[in-house]
Amino acid sequence: MIDLYTRQQSIPLEYIPSAIIVGVGGTGSWVAIFLVMSGCERISLFDDDALEPSNFNRLPLSPQDCVGQKKVEAIQQLLRTLRPDCQVDTFGRANSFSLATTEGQILFDCTDSQDTQTMLSQWAESHKVRYIRVGYNGTHMTVTSHVSSWCVGAPQSGYTIIPSWVVPAAMAACFGVAKAMYHFPIEITHDISDLGVEVC
């Protein structure tokens with residue numbers, strides 16, 4: 001097989017052999033795609049939701065083929081078409097027990113619940129796994145190494161009625177993977193409702 005990554009080897013990227021992605025929606029699916037296309041060899045996907053019509057403005061999937069399918073299964077199939085040699089494991093809800101059955105140097109938290117984010121951050125710290133929070137909820141874009149401070153006081157069970165668009169979701173995923181592989185010193189916790197993104 002031709003080495004797909006010869007041209008990127010001159011870039012000082014950190015090789016990530018395996019990663020855990022919790023939440024495979026508008027940001028998590030793009031994180032998975034960018035990791036696979038960057039040479040990650042094993043990905044563990046966690047999500048217990050099924051695909052609904054409202055998901056498809058952010059996902060590179062066909063609504064005709066995928067409505068009602070588990071998100072992790074649909075993204076697994078997509079990743080296998082991109083990189084058949086990448087091992088993609090699928091799981092339902094993430095908890096301390098299910099996470100312990102996986103391996104990964106980095107945990108990408110792409111969830112919409114503050115409680116879940118706190119649990120994942122604590123689990124990653126206790127298991128010496130690097131934690132990167134990647135999120136976009138129509139108002140806030142988040143790429144950070146800790147639980148988002150703007151979540152304080154937010155609904156505990158997820159987002160409420162929100163706008164959504166694929167571009168900020170994919171941008172957040174790009175920044176998250178760049179943060180992981182390039183050690184890009186980026187921390188974004190910013191309201192982007194005015195389309196102004198502050199990168200520091």
# chains A, B, ... in the order shown; residues from 1 in each chain; ligands from 1

$ residues_around --residues "A:Tyr15" --least-positions-apart "5" --cutoff "9 Å" --atoms "only C-alpha atoms" --output "PDB file with N, CA and C atoms, in the first residue's frame"
ATOM      1  N   SER A  38      -5.702  11.461   9.106  1.00  0.00           N
ATOM      2  CA  SER A  38      -4.378  11.854   9.585  1.00  0.00           C
ATOM      3  C   SER A  38      -3.545  10.662  10.024  1.00  0.00           C
ATOM      4  N   GLY A  39      -4.082   9.450   9.856  1.00  0.00           N
ATOM      5  CA  GLY A  39      -3.294   8.253  10.120  1.00  0.00           C
ATOM      6  C   GLY A  39      -3.595   7.514  11.399  1.00  0.00           C
ATOM      7  N   CYS A  40      -4.584   7.952  12.180  1.00  0.00           N
ATOM      8  CA  CYS A  40      -4.949   7.218  13.396  1.00  0.00           C
ATOM      9  C   CYS A  40      -5.379   5.801  13.012  1.00  0.00           C
ATOM     10  N   MET A 181      -2.602  16.884  17.514  1.00  0.00           N
ATOM     11  CA  MET A 181      -1.497  16.371  16.705  1.00  0.00           C
ATOM     12  C   MET A 181      -0.356  17.365  16.520  1.00  0.00           C
TER      13      MET A 181
END

$ select_by_dssp --residues "stretch 7-49 of chain A" --states "alpha helix (DSSP H)" --output "PyMOL selection string"
chain A and resi 28-36

$ atom_distance --atom1 "atom CA of A:Val129" --atom2 "atom CA of A:Ile16"
12.1 Å

$ closest_residue --among "A:Thr139, A:Ser18, A:Ser54, A:Thr111" --to "A:Cys86" --atoms "only C-alpha atoms"
A:Ser18

$ closest_residue --among "A:His127, A:Gly104, A:Phe46, A:Leu35" --to "A:Leu82" --atoms "only C-alpha atoms"
A:Leu35

$ select_by_dssp --residues "stretch 1-196 of chain A" --states "strand (DSSP E)" --output "PyMOL selection string"
chain A and resi 18-22+42-46+87-91+106-109+130-136+140-144+188-191
